[in-house]
Every structure is written in C-alpha cells, then in structure tokens.
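Heads up, the thing below is written out as structure tokens.
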There are 4 protein chains.
Amino acid sequence: MLVVMKHGASRAEIDRVVAVIEEMGYSARPMPGAQRTAVGLVGNDGRVSSSQLQALSGVAQVIHVTQPYKQVSREWRPENTVVTIAPGVSFGGDAAPVVAGPCSVESEQQIVAAAVAVRDAGASALRGGAFKPRSSPYSFQGMGKAGLELLALAKRETGLAIVTEAMDDEGAHLVAEVADCIQIGARNMQNYSLLKTVGRIGKPVLLKRGMAATIHDLLLSAEYILAEGNGQVILCERGVRSFDTATRNMLDLSAIPTVHDLSHLPIVADPSHGTGHRDKVGPMARAALAAGADGLLIEVHPEPDRALSDGVQSLYPEQFAALMEELRGVATAVGREIPQHAGTTHI
Amino acid sequence: MLVVMKHGASRAEIDRVVAVIEEMGYSARPMPGAQRTAVGLVGNDGRVSSSQLQALSGVAQVIHVTQPYKQVSREWRPENTVVTIAPGVSFGGDAAPVVAGPCSVESEQQIVAAAVAVRDAGASALRGGAFKPRSSPYSFQGMGKAGLELLALAKRETGLAIVTEAMDDEGAHLVAEVADCIQIGARNMQNYSLLKTVGRIGKPVLLKRGMAATIHDLLLSAEYILAEGNGQVILCERGVRSFDTATRNMLDLSAIPTVHDLSHLPIVADPSHGTGHRDKVGPMARAALAAGADGLLIEVHPEPDRALSDGVQSLYPEQFAALMEELRGVATAVGREIPQHAGTTHI
Amino acid sequence: MLVVMKHGASRAEIDRVVAVIEEMGYSARPMPGAQRTAVGLVGNDGRVSSSQLQALSGVAQVIHVTQPYKQVSREWRPENTVVTIAPGVSFGGDAAPVVAGPCSVESEQQIVAAAVAVRDAGASALRGGAFKPRSSPYSFQGMGKAGLELLALAKRETGLAIVTEAMDDEGAHLVAEVADCIQIGARNMQNYSLLKTVGRIGKPVLLKRGMAATIHDLLLSAEYILAEGNGQVILCERGVRSFDTATRNMLDLSAIPTVHDLSHLPIVADPSHGTGHRDKVGPMARAALAAGADGLLIEVHPEPDRALSDGVQSLYPEQFAALMEELRGVATAVGREIPQHAGTTHI
Amino acid sequence: MLVVMKHGASRAEIDRVVAVIEEMGYSARPMPGAQRTAVGLVGNDGRVSSSQLQALSGVAQVIHVTQPYKQVSREWRPENTVVTIAPGVSFGGDAAPVVAGPCSVESEQQIVAAAVAVRDAGASALRGGAFKPRSSPYSFQGMGKAGLELLALAKRETGLAIVTEAMDDEGAHLVAEVADCIQIGARNMQNYSLLKTVGRIGKPVLLKRGMAATIHDLLLSAEYILAEGNGQVILCERGVRSFDTATRNMLDLSAIPTVHDLSHLPIVADPSHGTGHRDKVGPMARAALAAGADGLLIEVHPEPDRALSDGVQSLYPEQFAALMEELRGVATAVGREIPQHAGTTHI
C-alpha cells in the first residue's frame, strides 16, 4: 500500500502517517519525490483497511498495490482449480462443458423437451430457473419448489447435471437438494448473506458477475464463498451495463483472460444474457470459447415464441444443435474440447 | 406497446403478431409506414410481457410506451407521498430533514458522541450501520445485534429517529425492532426476497439506488415494496458507477427531478457515498438540496481518523455544523426548510 | 511513479527496471514488500512516459503518483485564474455569469429576440451556434458565416458578449473575429489540432468535457491550450454518457468541486445539454450554482416549438426570467452573485 | 416515428401534434391507448427532426422507429460491401486480413524491421502512426511527414499496404499521398469536418469507434463519409470506456454481429487498444475472429521495451507469428481465411 501525500504536506503530517502505519503493525517507508512524498506500507497481508490512512491530514491518495482478495488469487494457488459438478462435467480443465436450457422451468413437458434436445445436441448440464429474479413484481416469478421437482425429473430422464439459481437463504437450501451447482445471479453478486450461505452449504457455485461489478468486485465476492471453506466456485461473465442499448448488456469477454491471469478459478460465459438477442448468441458463444472460456451457458427453449421469459434470446433446438457443431470446431482450434455427454445421441 | 416489424416483414408475419396480441387479450392496430410496419398493442395495463412478441419472426423491436411500474408512478397518485418516520421527521413535504451519523456503529462512546453532535447541529435522525455490506470478507462487518442495541441507546439519549440497514430477512426483523426506517443498501436494491420482506414488515423503508440501476430499475424495486402493501418508501440517490475514478461514485443529481416527474415518492441524496471524499460532501449536499432533494444522508464521525470504515468521506462534527448553516441558507433560497429537531441546541 | 513488480519477479527483472529508470535520468528506489517489490521513480517532472516501464518483463503495473498535466494544476498556480471575456464578464471570481441563448442561430429575428430576452433577464453573454456538430449528416448544420454575422449584429444590438463554437481550424479563425470566447464542443475535446489552433489564437476558450472524458482527460486537453501560451480557458461540465437514458446525458456536478481541487481554472455547467429536458434545466442550474459553478450556459429560444435544434431542452423566455430570479437567491446563499449586465432592464 | 403523449394530454394538444406533423409533410395517425395516446408519423424518410415534436406541449416522448442513417444501412444495400485497399487486401469478403505494426513510426530501422516481421508472419498491411493523438501535450506526438516517408519506404521494401492515421484536414491530404487506407482515430470519430474531408478525398477509410460511441453513433459518423460519395469505409471496434480499469478499454465484440446486422460495411477489431495488455491481445484477437470480424489490427513492435508509445500492448514479433498460426486455425473453424501476402515467407 502506498500513501501519497499532498504536494506541500508538512513534516508533521508525514510523521503522523508513519506513526499510524506502525500502530497498525506494519513498517512504513517514506519516499520523498520531486513533487511530493509517498509513504510505503510494507508487510501488507491483504487485510489492511485504507480507511484510517485516507482520512489523515495531508494524504492525497492511498494506492493499493496488494489486492484485497487472497484465496481466489493465482498467487495463492498457481494451478487452475477444476470444479466438477457431476461425473464428467468439469470446469477449468481441457474440456469446456456447455450448460443449456430454458430461462425458466414452465412445465414438465417444456423442461423435459428442452433437456432431451440439449442433451442430444451435446450439452453436459441443464439450466432452468425455478426461482426467477425479475425487475418487475408483475412478471412471472418462477414455479418455485414445483419447478425444482421438475428439474429433478428432467435429470432422471436425461442424466444431465442441473444448474439452477437461488435467490435467498431458504431457497439456497431447497436448490441444494436438487441441483449439482447453485447459481447466484448477477443481481445477488453482492448479497453477502447469500454468498456466506452457499459457502457453508459446500456445493459447487456458479457466481455471475454483477451488472456494474469490476473483475475485482467479482473476485472479492467469490472470496466470500472461499472464506467459508467452499472452493468449488465457477465464475460467469454475463455482460455488464453500458451506454449502448444495441445489446441488452455488453458482454465483456476480456474478463476471461483477466480472470485467468488473476485467479485460479474457472470462468464461463453466458452469451444469451450477454447479448439479449438470439442472432448474436452464436457469434458471441464462438468468441467466448476462442477467448478461453471454461464453459458456456446458453438459453434454449423448445418453443421460444411461447416462452414466459427471455424468449427473444433463447435459441430454437435446431439452432442450438448447429451452434454446437460450430463450437466443436472452434474448441479444437484453440486446443479445447466440448465434452460429450454419456447419454448423448450425437455421433 | 409498439411492435416494430423488420423492413420487408411478410404479410404473414404481421398477421401472426396481430393474432398473438389478440390471443393475449389486447387489441392490435397495424400501422404501415414508408419503410416498415409497426403494430400497436392497445389496452396495455402495464403487465404485458414483451417476451413472446419479441420472439416472433419478422419482429425488429418491441417499444414500451407504458411503463411497467404502476403504484409508484405519479400517474397512479398525482400528489406527493409524505413519509413520516418519527414525529416531526417527514420526507416529501416542505421540510428536508437531514439524517447524519457514522458509517458504522463502533462503540457506545462513538455512537452517542456522534448522535449528540449531529442533533446539536440540527440533524433529525441518526444513521449508523450495525450490519455492514463490505466488498471484502476481511473488512469490518459491523457489530450486528450489539450495534442495534447501541442505536437504541443513542435514540434514548438524544431523541433522534434511527435509520439503519438490513442485509437479509433475519436482519430485517431485528432492525425493525429498533429502527424508525429500514435502509436497503445499493447492493441489495434488486434483492427481491429482501424487498418483499420489508414490504410485509410495513415500517418506512429507505431504498438506495443500485450502482448500475436506472431510475426505472429503482422505481421497479420500490414497486416490489408497494406491491406488498407498504407505501412508506423513501428513495435515495447515492451515486452510480462511472468510468471516472476522480470520485468514488458519480452522484446523479438529475435523478431528483426525474423521480419527482415520474413518481410521487420522496427522494433524498447521500453525498457522502456519492463522492467518497470529505471535501466534496459540502458542495454536493448544497447542490442536492438546490436540485430539490427531500432530505439528505450525511456521514459524520466524532473522530474520522479512527473510523473503522469510510473515515475519508466522514465529516468532522464542526464541519457538519458549518455545513448545516449553509444548507439552511440554500433551503430558504429554494423554498424549503431544514427542520429543527425538538431537542436541538441550535438557535 | 511507482513500478509494481509481479509476485515472484526475479532479481534480474528488478535490476533491469532500476537500470531503465536510471537510463531515463531519474533515480530508482526499490521497496521490497511482503508479497512483492515496488520500485519508486523519483524526480518525475510530469513528463515521464510509463510505456517503456510497463513493457518490461516482471512488471505488474505502473502507478502514476504525479499527474501528467502541469500548467493547469493548482500545484502550478495556487490562486484561481479569472477569465474575462468582455468588460464585466469574468469567470472564476465571485461572480457567476450566465451565458444564454438558442442552440443555433436561425435568423436575424430569432437571434435578436433571444439576445434581448436573455439580456433583459440578466444574462451576461449570448450563446448560439453558427457551426453545429450534429450526429447525422442530414440534420441542420448551422448557418455558418452568415450565422456569425447575425451574432455580431445581436452583440451590437444588446451589448452582450458572444460565445460560439468552432469545429475546425478555418472555422476557429472565423469565430475568433466575432466571438468573445471560442467554444470547443464535447465531440472535439480531444481534437488536438483544433486545441493547438485555439491555443495560438489566444482568445478565451470555453472547453466542454467530452462524453466519456474523465476529469483528468479534460485537464489534459486544457493543458494543450495552455501549452500554446493561452491561459484563458474556462472548463465546462455538460454531462457524460451513462447507462441511464432517463436524461440525455448524466450531468456530473461533482466535476465542479473536483476541478476546483485539482486546477486553478474556472468551471461552468451546461444543464441544458446535461439533462436534455426543459423541466430539468431549472433544478440542475440551481444545483450547479450551489455546487460552486463559476457560471452557467443555458439554452433559451424565443419559440422553442419552432427551434431547428434542441427545442426540447430550450427554455421559454419567461421560464428563463423566472429561473434567473431563483438563481440570484441560490447565489446569495452560497456567497456568489449573478452579475448584472450593464444594459439589463432587470431591477 | 411515434409521438407518445402524456397521460392526460388534452384533445387540443393531440390535435396540435397532428397539425405539426402534417405541416412537415407527413401523415399523422393517432392511436388512443388504455393509458395514453400515441401519434404515429408515417412517411418518415429518415430525415425527420424530432426536435420540434418533442418540444410540443403534452408530448411525453418521441420514439424513433426509423434509424436516422440511410446509406450505411443494410436495408439500403442488402449485400456486404467489400473494401479493397490494395491488390489482394479486401475487407468484407471471405478473407479476414491482418493489419499489423507498431503504434508509432519511430525510425527507418524500426519500421522496416516491423514491416518485414509482420509480413513474414502473414500480415497483409502495415499500421504505424506518423501523426499521433496523445492525451498529454508532453507525450511523443509522432514524426509527422518524415514518418509518412518512412512508411512509403517500408511499403517499397515489403509490398505491404499502408494504414495510417490522419488527425486534421492538412494531415489527411498528406496521409492520402502515402497510405492505402486513411485511419480516423477514436478521438476524432465525431470530428465532422475531418469526416467530410476524407469523404471527399475518396480513398478507403478505416473509422474507429469513439470511446463512448454507440453503434448508432458509429454508423452515423460513417454516413458522413458515404454522404460525400465515398463508400469505401471499414469500421473498427477498439474498445469503449467502462467502469472497470482491469483493461485499458472494454472491447465490445458484440459490435461485430450488431454491425453485420444493421449495415453492409465491414468491421474489424483492434484487440491491442481494446485491452491495453500484451497478454490479452491473443485471446481477444481469436475471439474477434470467431465473432465474425472482417479483419484485425494488431500492434507489433520489434522491441516493445523500447517503444515510444504503447509498448505494453505491443506483441514481440515471435508472439505475433505464433498468434497468426492460431488465428489461421480459428479462421478455418468459422469458415474464413487469413489471406497470405504475396511476399510472405510463411509456408
């Protein structure tokens, strides 16, 4: 940590900064410059609060040299973490599994049709929301527990692993009974009570980046889960808010190499929410894979025209099957592979 | 709602849109244009989901003419809502009360000293967090229930109303026992489970705008609370995320006239979180009041240099007292007043 | 400047950084830490390019402690610069002059009517574009030289100073013949050829902040003008691009105290472009003044319904007169005053 | 265009909107709804200014159904435009050429070494700035005319086409003598005088997206060039400004399918400026190609450690050669090819 003093800070102000750093149990190293003095804090273990230092008289700025996260960092653990949510469905290794399915579970017929379609095209896991966070209280909020039961049924029918969202503590425990991986949505990325709960439950967690979250914020939220003893975290880039309304969100694919640089955790991409338009899902899914994504989340609905939510960004089953073909080609070109589900009918 | 067809959409595609609108129970009004056809949906009661329409073949875009929120809108209720959190502490009328105090409750001595100082300077309510959402799991997370007890003590000592944050369902019930107004923080603005809980509790709620929330998002989140039967909602602008790191957030004061135009709910501003720097709190507090804010939230700490959180943006008690003087002048200039707390020693 | 090494950087990599800094003519001060080493560059005169250092092996990050601008900084010149564009029209002192008028010069009748109206209400200068940067090539592009002649006529009729925009080198010389202050628009804030030209012309310049410009970018663009020997620069906050479409731009009033902190140059605000809606101009004009703005730019049109550009954000003359009354009250409350134009009929 | 009236707009206000539309020469089609009336404007040829309508009493909002650009749109021209800047170097067809080279021309030795290296690795054109827009007036501003002469020399030595930036009218004419394609940088995307100049010069133009430009803004800027009769425009995504400082800009790859949907013009990507870090250039170059980019711009320097600008984002020649191998694989996987330069030594 570097405490930059104002131009013209007095000797007494600099001495006070040094004293406070030493009171905190660290070493202080003043560094007089041509225009101003900076004081280095040495021995930072990542837990120093800059608040007290920033508040001191004569201080212009406090610069963090050490990142405030620990266990999620690649410096803490150099090799990739591989998160296995079900037999043969691992994120962070050579394979890049595809999680596909509808936005919401709507009926037995719909979810089973979706599950069969995505399995046959080569998906490894089924997504589908039973609890849905919706901007409006008047929109469809999901089927709740009944939806979870239908996901369990679809799993039995197809053998696909299940990834589904939890919105609160009570829901997290219900979801954990059925799902192979608990999804935390973008709106709850900084719902710390919920992060602690899923940290304690101990099942794999798919943590989506918030709409205005920096990569550092995302890693700090993951740190909440790891700090509870659960290291099975998959990060997910799903688009951030931007000034351009041409797409629903701005899918920030540079998050993929950035996370790979800073952290050992796997990161997947969700081009469906990232673009909001069916026609852009294919190009951005291919791009995410080429950028190094450790997997993909793709919305597929047996009848997008009749979907209760997100129909406009859901692929038709035949579009998804064609996209999977393309993705296998891109994966090969970048030294990855799309794993084949044991039960898939794809040749 | 207006469904804009693609240039070159076929007659059959237009007919299908008309048919779907009629199946949904509304009237369809096709409007052929020079370059493309648009189909108006008439009879929209604010609950139409555009998802099915956007997903239809030949549709370029669905434009919302009617807002998806209802009870929070000024069209629903033309006159201002006045939210009274304690006797003499009302938001939305001529008075613009000031809520002040430290970021976190840290000790009995600290919170009582802060309460006395802000009351004496003319604040109407005390703020101070017992449950603190922090980006890092290693930062101070608040004193919890013990903090709530100290807030209750400070209230008894000073007569100030209490505004404090709840982060989850369990915490909301605890906070409701002590607080006059439950604060929902920016990170939880779209934690819909929590919004429903505070809607059902029925106490006044101060709802902070999320870091990437549009005004429409903020109003939709408030709608969740009103939809549970609780109309006592105060909105709060506290800065949004921007590309400029010169301030901690970008305080969007245009939110004030925008909310006043669209909604009957009161809106206050938090220039402390909105700027993140003590020196900018004064100018932005004056500006917020001049823009029409219905109140202010200001961080004040008896000893900012020793604060466990947000010291750098907390005012010294004497700075706060001087600012209150300035604010009274600005309030008068714009036809408002800063209410005097019954127990204040200010002349 | 601080060069932060990667965790695990080798001794040789650190030595290379030291050697390169010394080759550049500065002193290097290595600072080994608990997790990584940082190397301070001492003697930075604000002209060090970080590019060579960032590119060295083992370097994680280069942190700028010294700002890259010089002459615009308050450290260079502690006292406020007062820019006088015409007798009695000064920005940066106690007075906060108002520049008002239509978006575009449209006709003799229109510009004279506007000039008389704004002068009578107390404006000190007339704004109005002869050269208009428009997003679409098919929108009205301004009257060009004929518009400049009409501005000169309006000046003779009313005695108001003239502020009008230049879009290129040739236009800058034409504008300089008529205007008291040359405006550089937001889209040209980083048109460095144009900045150098107006720097050399030597007339006062009103430099608008670009739509995605940080305060540092704005100050660096001003530095281009000062570096040519022209210190008569007025900065202007006019809103930045944001994710919220509720207003045309997001007027960042915290730019005002931030600029006052970092620079000696005056800063004014343009609430008309900053909001894009007539109804929000008044609240935000009052707010800007309360935040400490050194002046205001306000669009006023004699007949907004018939304006060729920006009618929706232009005030009616009577609205402007009423707003000026309010502004005088706010100015008094914050220790400023709205100067009276010599020829004004306002009491 | 759709004029949405306020809830409670009077019959007279609606009639006035209808009358103004008819005065403008279009047809008006009122559409009364459950909550408010909308009035459709029929016959819009893309040149209607909404300003007069927005300014009318009782109008809540004006919604653009027709885009304001014409000649750049895919509706104007359904088939792709192929822009050929030199024999065998075409953008918009099956091939995706790579333009590579240093940020700035620094010396004969440097630019020739760079040109030979990128040609040998398979690039089709050489980039390198002679005129450099730099945020600070104290940074290296380019070699100017001498730099252009060195680019001409490098072209003679290697046969590569030249792409280089012009910053003003005078420079555009100088650049046009040497370059095969004139680059307009992000900071000048809305410098309309310069856009008109390069429109009239008639050489191919590479137009970079501004840092806060929407896709619509980018297309409107291209429209300025086409409106002067020059249809040879290549668009370039190079990252936009965002709240996350983890990368220099946020490379918005969804711009690629969005432009392909809305326009017939080719679009390339610049992952060097888009990320600002050498290590992220490879992943994002692969991703851009997979997303459908019609070409790439990549910074390569023979000695990045000694570069006068942008060294940190420049690839070493051997990194670039390895990346070109990867790109050929990705291109094949998505049905494109990286063209081989006639003089390349690559097998």
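Ordering of the structure tokens sets the chain letters (A, B, ...), residue numbers begin anew at 1 in every chain, and ligands are numbered from 1 in the order given.
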Item to complete: Check every residue of chain B for an atom within 8 Å of chain A, counting only C-alpha atoms, and provide those that qualify as number ranges by chain.
Response: B: 47, 49, 51-56, 68-69, 133, 135-139, 167-168, 187-188, 190-193, 211-212, 217, 220-221, 223-224, 227, 241, 304-313
Emit the selected residues as a short mmCIF file (atom, residue, chain, number, x, y, z; two decimals), in the first residue's frame, including C-alpha atoms.
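Result file out.cif:
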data_model
loop_
_atom_site.label_atom_id
_atom_site.label_comp_id
_atom_site.auth_asym_id
_atom_site.auth_seq_id
_atom_site.Cartn_x
_atom_site.Cartn_y
_atom_site.Cartn_z
CA ARG B 47 -48.44 -6.13 -17.16
CA SER B 49 -44.75 -9.27 -21.17
CA SER B 51 -41.04 -11.55 -24.43
CA GLN B 52 -43.47 -13.52 -26.56
CA LEU B 53 -43.81 -10.69 -29.05
CA GLN B 54 -40.09 -10.02 -29.37
CA ALA B 55 -39.56 -13.67 -30.15
CA LEU B 56 -41.89 -13.71 -33.17
CA PRO B 68 -44.00 -1.43 -16.26
CA TYR B 69 -44.43 0.13 -12.81
CA PRO B 133 -22.10 -4.97 3.47
CA SER B 135 -16.75 -5.74 -0.65
CA SER B 136 -14.12 -7.78 1.16
CA PRO B 137 -14.93 -10.59 3.62
CA TYR B 138 -11.91 -9.43 5.64
CA SER B 139 -13.22 -5.90 6.27
CA MET B 167 -28.99 -7.06 4.68
CA ASP B 168 -31.19 -10.13 4.91
CA ARG B 187 -26.01 -3.75 -3.34
CA ASN B 188 -29.39 -5.18 -2.31
CA GLN B 190 -32.54 -5.94 -6.55
CA ASN B 191 -32.58 -8.50 -3.72
CA TYR B 192 -36.25 -9.14 -4.29
CA SER B 193 -36.68 -11.51 -1.35
CA MET B 211 -24.71 1.22 -8.66
CA ALA B 212 -25.87 0.41 -12.17
CA ASP B 217 -34.99 -0.04 -12.16
CA LEU B 220 -39.48 -1.08 -10.15
CA SER B 221 -37.67 -2.14 -6.98
CA GLU B 223 -42.83 -1.21 -6.69
CA TYR B 224 -41.94 -4.56 -5.06
CA ALA B 227 -46.95 -4.28 -4.07
CA ARG B 241 -20.74 3.61 -11.17
CA PRO B 304 -12.89 10.34 11.29
CA ASP B 305 -9.17 9.46 11.57
CA ARG B 306 -10.11 6.50 13.73
CA ALA B 307 -13.22 5.32 11.88
CA LEU B 308 -13.36 1.59 11.10
CA SER B 309 -15.00 2.33 7.74
CA ASP B 310 -15.45 5.27 5.39
CA GLY B 311 -13.41 7.68 7.50
CA VAL B 312 -12.25 9.53 4.42
CA GLN B 313 -15.76 10.59 3.49
#
Fill in: Contacts of Thr214 in chain A within 9 Å, only C-alpha atoms, excl. fewer than 5 positions in-chain, as JSON, numbers by chain
{"A": [209, 219], "D": [243, 244, 245, 246]}
With all heavy atoms kept, could you save the residues just selected as a compact mmCIF listing (two decimals), in the first residue's frame?
# COMPACT_ATOMS: atom_id res chain seq x y z
N ARG A 209 -21.30 -12.42 -12.61
CA ARG A 209 -20.80 -11.07 -12.41
C ARG A 209 -21.96 -10.08 -12.39
O ARG A 209 -22.85 -10.13 -13.24
CB ARG A 209 -19.88 -10.73 -13.58
CG ARG A 209 -19.24 -9.35 -13.51
CD ARG A 209 -18.38 -9.13 -14.75
NE ARG A 209 -17.69 -7.85 -14.69
CZ ARG A 209 -16.91 -7.38 -15.65
NH1 ARG A 209 -16.73 -8.10 -16.76
NH2 ARG A 209 -16.32 -6.22 -15.55
N LEU A 219 -14.15 -11.04 -7.95
CA LEU A 219 -13.23 -11.91 -7.21
C LEU A 219 -13.44 -11.77 -5.71
O LEU A 219 -13.36 -12.75 -4.97
CB LEU A 219 -11.78 -11.59 -7.61
CG LEU A 219 -11.42 -11.97 -9.06
CD1 LEU A 219 -9.99 -11.53 -9.38
CD2 LEU A 219 -11.57 -13.47 -9.30
N PHE D 243 -16.40 1.22 -16.60
CA PHE D 243 -16.10 1.45 -15.19
C PHE D 243 -14.99 0.54 -14.68
O PHE D 243 -14.53 0.70 -13.56
CB PHE D 243 -17.36 1.23 -14.34
CG PHE D 243 -17.95 -0.14 -14.57
CD1 PHE D 243 -17.46 -1.24 -13.87
CD2 PHE D 243 -18.96 -0.35 -15.49
CE1 PHE D 243 -17.97 -2.51 -14.09
CE2 PHE D 243 -19.48 -1.61 -15.71
CZ PHE D 243 -18.98 -2.69 -15.00
N ASP D 244 -14.59 -0.44 -15.48
CA ASP D 244 -13.60 -1.39 -14.98
C ASP D 244 -12.22 -1.06 -15.54
O ASP D 244 -12.03 -1.03 -16.76
CB ASP D 244 -13.98 -2.82 -15.37
CG ASP D 244 -13.21 -3.84 -14.53
OD1 ASP D 244 -12.22 -3.46 -13.88
OD2 ASP D 244 -13.61 -5.01 -14.51
N THR D 245 -11.28 -0.81 -14.64
CA THR D 245 -9.95 -0.43 -15.09
C THR D 245 -9.03 -1.65 -15.26
O THR D 245 -7.83 -1.49 -15.46
CB THR D 245 -9.32 0.53 -14.06
OG1 THR D 245 -9.34 -0.11 -12.79
CG2 THR D 245 -10.11 1.83 -13.97
N ALA D 246 -9.61 -2.85 -15.19
CA ALA D 246 -8.78 -4.05 -15.34
C ALA D 246 -8.17 -4.11 -16.73
O ALA D 246 -7.08 -4.65 -16.92
CB ALA D 246 -9.61 -5.31 -15.08
Worksheet entry | Contact residues around range 107-123 of chain A with only C-alpha atoms at 10 Å, ignoring same-chain residues under 4 positions, as number ranges by chain | A: 89, 97-102, 127-128, 143, 146-147, 149-151, 153-161, 296-303, 307, 316-325, 328, 338-347
Please provide as a CSV table (one decimal) with N, CA, C and O atoms, in the first residue's frame all residues within 9 Å of Lys203 in chain D, with the sequence filter that same-chain residues fewer than 5 positions apart are discarded (counting only C-alpha atoms).
chain,number,residue,atom,x,y,z
D,85,ILE,N,-8.3,-2.3,-50.2
D,85,ILE,CA,-7.4,-1.2,-50.0
D,85,ILE,C,-6.1,-1.3,-50.9
D,85,ILE,O,-5.4,-0.3,-51.2
D,176,ALA,N,-3.0,10.8,-47.5
D,176,ALA,CA,-3.6,10.2,-48.7
D,176,ALA,C,-2.6,10.0,-49.7
D,176,ALA,O,-2.8,9.1,-50.6
D,179,ALA,N,-0.8,6.6,-47.9
D,179,ALA,CA,-1.5,5.4,-47.4
D,179,ALA,C,-2.4,4.8,-48.4
D,179,ALA,O,-2.9,5.5,-49.3
D,180,ASP,N,-2.7,3.5,-48.2
D,180,ASP,CA,-3.7,2.8,-48.9
D,180,ASP,C,-5.1,3.0,-48.3
D,180,ASP,O,-6.1,2.7,-48.9
D,181,CYS,N,-5.1,3.3,-47.0
D,181,CYS,CA,-6.3,3.4,-46.2
D,181,CYS,C,-6.0,4.5,-45.1
D,181,CYS,O,-5.0,4.4,-44.4
D,182,ILE,N,-6.9,5.5,-45.0
D,182,ILE,CA,-6.7,6.5,-44.1
D,182,ILE,C,-7.5,6.2,-42.8
D,182,ILE,O,-8.7,5.9,-42.8
D,198,VAL,N,-12.2,13.4,-45.6
D,198,VAL,CA,-11.8,12.1,-46.1
D,198,VAL,C,-12.9,11.5,-46.9
D,198,VAL,O,-12.6,10.7,-47.8
D,230,ASN,N,-18.1,8.7,-50.8
D,230,ASN,CA,-17.1,7.7,-50.6
D,230,ASN,C,-17.6,6.5,-49.8
D,230,ASN,O,-17.9,6.6,-48.6
D,232,GLN,N,-16.1,3.6,-49.4
D,232,GLN,CA,-15.1,2.6,-49.0
D,232,GLN,C,-14.7,2.8,-47.6
D,232,GLN,O,-13.7,3.3,-47.2
D,233,VAL,N,-15.6,2.4,-46.7
D,233,VAL,CA,-15.4,2.6,-45.3
D,233,VAL,C,-15.4,1.2,-44.5
D,233,VAL,O,-16.2,0.4,-44.7
Discussion item. Using DSSP assignments from the backbone, pull out every residue in range 33-202 of chain D that falls under strand (DSSP E or B) and give it to me as a count of residues only.
Written reply: 38
Worksheet entry | Who sits within 12 Å of Glu177 in chain B, only C-alpha atoms, same chain under 6 positions skipped, as a PyMOL selection string | chain B and resi 145+148-149+151-152+162-164+166+170-171+201-203
Residue selection dump (N, CA, C and O atoms) as a PDB file, in the first residue's frame:
ATOM      1  N   LYS B 145     -26.150  -7.362  16.258  1.00  0.00           N
ATOM      2  CA  LYS B 145     -27.195  -7.049  17.240  1.00  0.00           C
ATOM      3  C   LYS B 145     -26.722  -6.085  18.316  1.00  0.00           C
ATOM      4  O   LYS B 145     -27.482  -5.215  18.763  1.00  0.00           O
ATOM      5  N   LEU B 148     -27.205  -2.692  17.120  1.00  0.00           N
ATOM      6  CA  LEU B 148     -28.598  -2.233  17.181  1.00  0.00           C
ATOM      7  C   LEU B 148     -28.941  -1.732  18.586  1.00  0.00           C
ATOM      8  O   LEU B 148     -29.644  -0.735  18.749  1.00  0.00           O
ATOM      9  N   GLU B 149     -28.430  -2.441  19.579  1.00  0.00           N
ATOM     10  CA  GLU B 149     -28.710  -2.012  20.952  1.00  0.00           C
ATOM     11  C   GLU B 149     -28.103  -0.640  21.242  1.00  0.00           C
ATOM     12  O   GLU B 149     -28.712   0.193  21.930  1.00  0.00           O
ATOM     13  N   LEU B 151     -27.666   1.668  19.013  1.00  0.00           N
ATOM     14  CA  LEU B 151     -28.500   2.661  18.324  1.00  0.00           C
ATOM     15  C   LEU B 151     -29.727   3.000  19.174  1.00  0.00           C
ATOM     16  O   LEU B 151     -30.132   4.159  19.262  1.00  0.00           O
ATOM     17  N   ALA B 152     -30.303   1.962  19.787  1.00  0.00           N
ATOM     18  CA  ALA B 152     -31.466   2.202  20.653  1.00  0.00           C
ATOM     19  C   ALA B 152     -31.078   3.102  21.818  1.00  0.00           C
ATOM     20  O   ALA B 152     -31.824   4.030  22.194  1.00  0.00           O
ATOM     21  N   ILE B 162     -34.022   6.770  14.129  1.00  0.00           N
ATOM     22  CA  ILE B 162     -32.930   5.886  13.701  1.00  0.00           C
ATOM     23  C   ILE B 162     -33.194   5.330  12.298  1.00  0.00           C
ATOM     24  O   ILE B 162     -34.281   4.814  12.021  1.00  0.00           O
ATOM     25  N   VAL B 163     -32.164   5.443  11.449  1.00  0.00           N
ATOM     26  CA  VAL B 163     -32.187   4.842  10.104  1.00  0.00           C
ATOM     27  C   VAL B 163     -30.999   3.898  10.025  1.00  0.00           C
ATOM     28  O   VAL B 163     -29.850   4.346  10.160  1.00  0.00           O
ATOM     29  N   THR B 164     -31.246   2.607   9.810  1.00  0.00           N
ATOM     30  CA  THR B 164     -30.113   1.676   9.744  1.00  0.00           C
ATOM     31  C   THR B 164     -30.432   0.529   8.791  1.00  0.00           C
ATOM     32  O   THR B 164     -31.592   0.226   8.528  1.00  0.00           O
ATOM     33  N   ALA B 166     -30.589  -3.112   6.750  1.00  0.00           N
ATOM     34  CA  ALA B 166     -30.790  -4.555   6.895  1.00  0.00           C
ATOM     35  C   ALA B 166     -30.259  -5.236   5.644  1.00  0.00           C
ATOM     36  O   ALA B 166     -30.432  -4.729   4.537  1.00  0.00           O
ATOM     37  N   GLU B 170     -33.577 -12.130   8.191  1.00  0.00           N
ATOM     38  CA  GLU B 170     -33.450 -12.200   9.645  1.00  0.00           C
ATOM     39  C   GLU B 170     -33.060 -10.826  10.196  1.00  0.00           C
ATOM     40  O   GLU B 170     -33.643 -10.332  11.168  1.00  0.00           O
ATOM     41  N   GLY B 171     -32.085 -10.209   9.544  1.00  0.00           N
ATOM     42  CA  GLY B 171     -31.654  -8.882   9.969  1.00  0.00           C
ATOM     43  C   GLY B 171     -32.765  -7.850   9.860  1.00  0.00           C
ATOM     44  O   GLY B 171     -32.870  -6.945  10.691  1.00  0.00           O
ATOM     45  N   ILE B 201     -43.129  -6.153   6.415  1.00  0.00           N
ATOM     46  CA  ILE B 201     -42.918  -5.627   7.772  1.00  0.00           C
ATOM     47  C   ILE B 201     -43.687  -4.326   7.950  1.00  0.00           C
ATOM     48  O   ILE B 201     -44.253  -4.055   9.017  1.00  0.00           O
ATOM     49  N   GLY B 202     -43.701  -3.501   6.907  1.00  0.00           N
ATOM     50  CA  GLY B 202     -44.588  -2.341   6.939  1.00  0.00           C
ATOM     51  C   GLY B 202     -44.002  -1.071   7.535  1.00  0.00           C
ATOM     52  O   GLY B 202     -44.660  -0.039   7.560  1.00  0.00           O
ATOM     53  N   LYS B 203     -42.776  -1.121   8.006  1.00  0.00           N
ATOM     54  CA  LYS B 203     -42.119   0.100   8.501  1.00  0.00           C
ATOM     55  C   LYS B 203     -41.619   0.922   7.314  1.00  0.00           C
ATOM     56  O   LYS B 203     -41.394   0.388   6.233  1.00  0.00           O
TER      57      LYS B 203
END
Item to complete: Figure out the distance between CA of Val72 in chain C and CA of Leu195 in chain C, please, to one decimal in Å.
Response: 14.4 Å
